[in-house]
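A short write-up of the structure that comes next.
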Amino acid sequence: MIPSKFNYIKATSVNEAVSLLDEHGFDAKILSGGHSLIPAMKLRLNRPEVVIDIGGIPGMDVITEEGDAVVIGANCTHQQILNSEIIYKNVNILKQTAATIGDVQVRNKGTIGGSLAHADPSADYPATVLACDATIIVEGKNGSRTIAATDFFLGIFTTALEDDEIITAVRFPKIAHGNYHKFYQSASRFAVVGVAVVFDGSGVKVGVTGVADTPYRATKVEEAYNGDSSAAEHAVDGVAVMSDHFADEAYRSHLAKVFVKRGLEA
């Protein structure tokens with residue numbers, strides 16, 4: 001359980017981190033909270049030659065209100081999100097999501113940016129950023145850009161981030177009504193199924209994680225919803241449902257429908 005030899009560099013600014021990524025390319029990995037990267041390195045599933053620590057970059061661990069949105073720095077920990085009065089008042093579904101993640105140690109160190117960049121198919125935040133229509137703000141050698149959550153997740157552990165880009169913040173519209181429900185993996189507390197439901201006045205938006213190799217918007221549920229939770233029957237329509245030692249395809253499909261129904265009824 002010892003990583004391969006690597007060089008450690010602590011970046012002091014976003015520009016420095018981007019420059020280092022551009023310089024070292026595939027040989028470099030970004031370290032924020034470390035709860036995804038370090039275990040992979042210890043198991044030698046990941047063997048970067050250079051680890052770029054962005055954890056101390058000023059301004060990336062701040063939560064602010066900007067008009068009708070809340071902007072969360074990528075280095076904000078799960079516990080910061082859980083404790084934030086701004087989140088509690090304006091994006092409470094995100095507070096609900098953070099409360100389900102890991103244990104105290106994980107919540108104290110793990111970050112929202114690291115979780116989204118890692119794109120684990122059983123992570124919690126992806127369902128919520130999808131349901132909230134959040135946008136991910138990234139910085140690379142060509143400058144800053146924003147990526148809609150619905151365009152961000154491309155596959156298992158795969159995102160729309162370019163090789164030289166890092167997430168700097170996530171922007172959430174203020175959400176009046178939303179909830180997150182989850183069926184836990186008993187040891188890791190990852191989601192076997194996680195469902196985020198947001199009500200925007202005209203209908204619902206539903207984000208699902210843990211069911212497929214990529215988190216997704218349950219658009220068939222959204223289209224079928226007319227105030228009746230029976231729309232949950234469409235939770236896995238058109239989805240290639242995963243099967244593993246936690247749950248086979250049939251059980252996962254059943255759980256998805258159950259938890260979407262709970263979200264619609266909550």
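Going through the structure tokens in order, the chains are called A, B, and so on, while each chain numbers its residues from 1 and the ligands are numbered from 1 in the order shown.
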With segment 215-225 of chain A as the partner and 12 Å as the cut-off, tabulate the residues of segment 90-197 of chain A that qualify, each row holding the nearest pair of atoms and their distance in Å to one decimal, using only C-alpha atoms, sorted by chain and rising number, as JSON lines.
{"residue": "A:Leu116", "atom": "CA", "partner": "A:Pro215", "partner_atom": "CA", "distance": 10.9}
{"residue": "A:Ala119", "atom": "CA", "partner": "A:Pro215", "partner_atom": "CA", "distance": 8.6}
{"residue": "A:Asp120", "atom": "CA", "partner": "A:Pro215", "partner_atom": "CA", "distance": 8.9}
{"residue": "A:Pro121", "atom": "CA", "partner": "A:Pro215", "partner_atom": "CA", "distance": 6.2}
{"residue": "A:Ser122", "atom": "CA", "partner": "A:Pro215", "partner_atom": "CA", "distance": 8.1}
{"residue": "A:Ala123", "atom": "CA", "partner": "A:Pro215", "partner_atom": "CA", "distance": 8.7}
{"residue": "A:Asp124", "atom": "CA", "partner": "A:Pro215", "partner_atom": "CA", "distance": 9.4}
{"residue": "A:Tyr125", "atom": "CA", "partner": "A:Pro215", "partner_atom": "CA", "distance": 9.6}
{"residue": "A:Pro126", "atom": "CA", "partner": "A:Pro215", "partner_atom": "CA", "distance": 6.3}
{"residue": "A:Ala127", "atom": "CA", "partner": "A:Pro215", "partner_atom": "CA", "distance": 6.3}
{"residue": "A:Thr128", "atom": "CA", "partner": "A:Arg217", "partner_atom": "CA", "distance": 9.8}
{"residue": "A:Val129", "atom": "CA", "partner": "A:Arg217", "partner_atom": "CA", "distance": 10.0}
{"residue": "A:Leu130", "atom": "CA", "partner": "A:Arg217", "partner_atom": "CA", "distance": 6.4}
{"residue": "A:Ala131", "atom": "CA", "partner": "A:Arg217", "partner_atom": "CA", "distance": 6.9}
{"residue": "A:Cys132", "atom": "CA", "partner": "A:Arg217", "partner_atom": "CA", "distance": 10.3}
{"residue": "A:Asp133", "atom": "CA", "partner": "A:Arg217", "partner_atom": "CA", "distance": 9.9}
{"residue": "A:Ala149", "atom": "CA", "partner": "A:Tyr216", "partner_atom": "CA", "distance": 9.7}
{"residue": "A:Thr150", "atom": "CA", "partner": "A:Arg217", "partner_atom": "CA", "distance": 7.6}
{"residue": "A:Asp151", "atom": "CA", "partner": "A:Tyr216", "partner_atom": "CA", "distance": 10.1}
{"residue": "A:Phe152", "atom": "CA", "partner": "A:Pro215", "partner_atom": "CA", "distance": 10.0}
{"residue": "A:Phe153", "atom": "CA", "partner": "A:Pro215", "partner_atom": "CA", "distance": 7.0}
{"residue": "A:Leu154", "atom": "CA", "partner": "A:Pro215", "partner_atom": "CA", "distance": 8.9}
{"residue": "A:Gly155", "atom": "CA", "partner": "A:Pro215", "partner_atom": "CA", "distance": 8.4}
{"residue": "A:Ile156", "atom": "CA", "partner": "A:Pro215", "partner_atom": "CA", "distance": 8.9}
{"residue": "A:Phe157", "atom": "CA", "partner": "A:Pro215", "partner_atom": "CA", "distance": 10.5}
{"residue": "A:Thr158", "atom": "CA", "partner": "A:Pro215", "partner_atom": "CA", "distance": 11.0}
{"residue": "A:Thr159", "atom": "CA", "partner": "A:Pro215", "partner_atom": "CA", "distance": 11.0}
{"residue": "A:Ala191", "atom": "CA", "partner": "A:Pro215", "partner_atom": "CA", "distance": 11.2}
{"residue": "A:Val192", "atom": "CA", "partner": "A:Pro215", "partner_atom": "CA", "distance": 11.9}
{"residue": "A:Val193", "atom": "CA", "partner": "A:Pro215", "partner_atom": "CA", "distance": 10.2}
{"residue": "A:Gly194", "atom": "CA", "partner": "A:Pro215", "partner_atom": "CA", "distance": 9.5}
{"residue": "A:Val195", "atom": "CA", "partner": "A:Ala218", "partner_atom": "CA", "distance": 9.5}
{"residue": "A:Ala196", "atom": "CA", "partner": "A:Arg217", "partner_atom": "CA", "distance": 9.5}
{"residue": "A:Val197", "atom": "CA", "partner": "A:Glu222", "partner_atom": "CA", "distance": 9.8}
Long-range neighbours of Ala148 of chain A as a PyMOL selection string, 7 Å cut-off, only C-alpha atoms, 4 positions minimum in chain
chain A and resi 134-136+152
Provide the atom CA of Val260 of chain A to atom CA of Val208 of chain A distance in Å, to one decimal place.
8.5 Å
So what do you get for atom CA of Ala160 of chain A versus atom CA of Ile147 of chain A, distance-wise?
7.9 Å
My list of candidates is A:Asp164, A:Gly25, A:Ser188, A:Leu43. Which is closest to Thr100 of chain A when distances are computed with only C-alpha atoms?
A:Ser188
If DSSP is run on the backbone, what residues of segment 97-164 of chain A are alpha helix (DSSP H)? A reply as a ChimeraX atom specification would be ideal.
/A:97-99,104-109,112-118,125-131,149-152
Ranking A:Met1, A:Cys76, A:Ala117, A:Val258 by minimum distance to Ala98 of chain A and counting only C-alpha atoms, which one comes first?
A:Cys76
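Residues surrounding Glu139 of chain A within 6 Å are A:Gly143, A:Ser144, A:Glu165, A:Ile166 [only C-alpha atoms; sequence separation below 3 positions excluded].
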For the residues in that selection, give me N, CA, C and O atoms as a PDB file, in the first residue's frame.
ATOM      1  N   GLY A 143      -7.628  30.038 -20.773  1.00  0.00           N
ATOM      2  CA  GLY A 143      -8.490  30.908 -19.992  1.00  0.00           C
ATOM      3  C   GLY A 143      -9.606  30.161 -19.292  1.00  0.00           C
ATOM      4  O   GLY A 143      -9.583  28.926 -19.172  1.00  0.00           O
ATOM      5  N   SER A 144     -10.592  30.915 -18.835  1.00  0.00           N
ATOM      6  CA  SER A 144     -11.703  30.366 -18.068  1.00  0.00           C
ATOM      7  C   SER A 144     -12.883  30.045 -18.980  1.00  0.00           C
ATOM      8  O   SER A 144     -13.103  30.719 -19.991  1.00  0.00           O
ATOM      9  N   GLU A 165      -6.880  21.656 -17.616  1.00  0.00           N
ATOM     10  CA  GLU A 165      -7.888  22.427 -16.903  1.00  0.00           C
ATOM     11  C   GLU A 165      -8.126  21.893 -15.492  1.00  0.00           C
ATOM     12  O   GLU A 165      -8.037  20.684 -15.252  1.00  0.00           O
ATOM     13  N   ILE A 166      -8.440  22.813 -14.588  1.00  0.00           N
ATOM     14  CA  ILE A 166      -8.880  22.443 -13.251  1.00  0.00           C
ATOM     15  C   ILE A 166     -10.207  23.140 -12.967  1.00  0.00           C
ATOM     16  O   ILE A 166     -10.515  24.196 -13.534  1.00  0.00           O
TER      17      ILE A 166
END
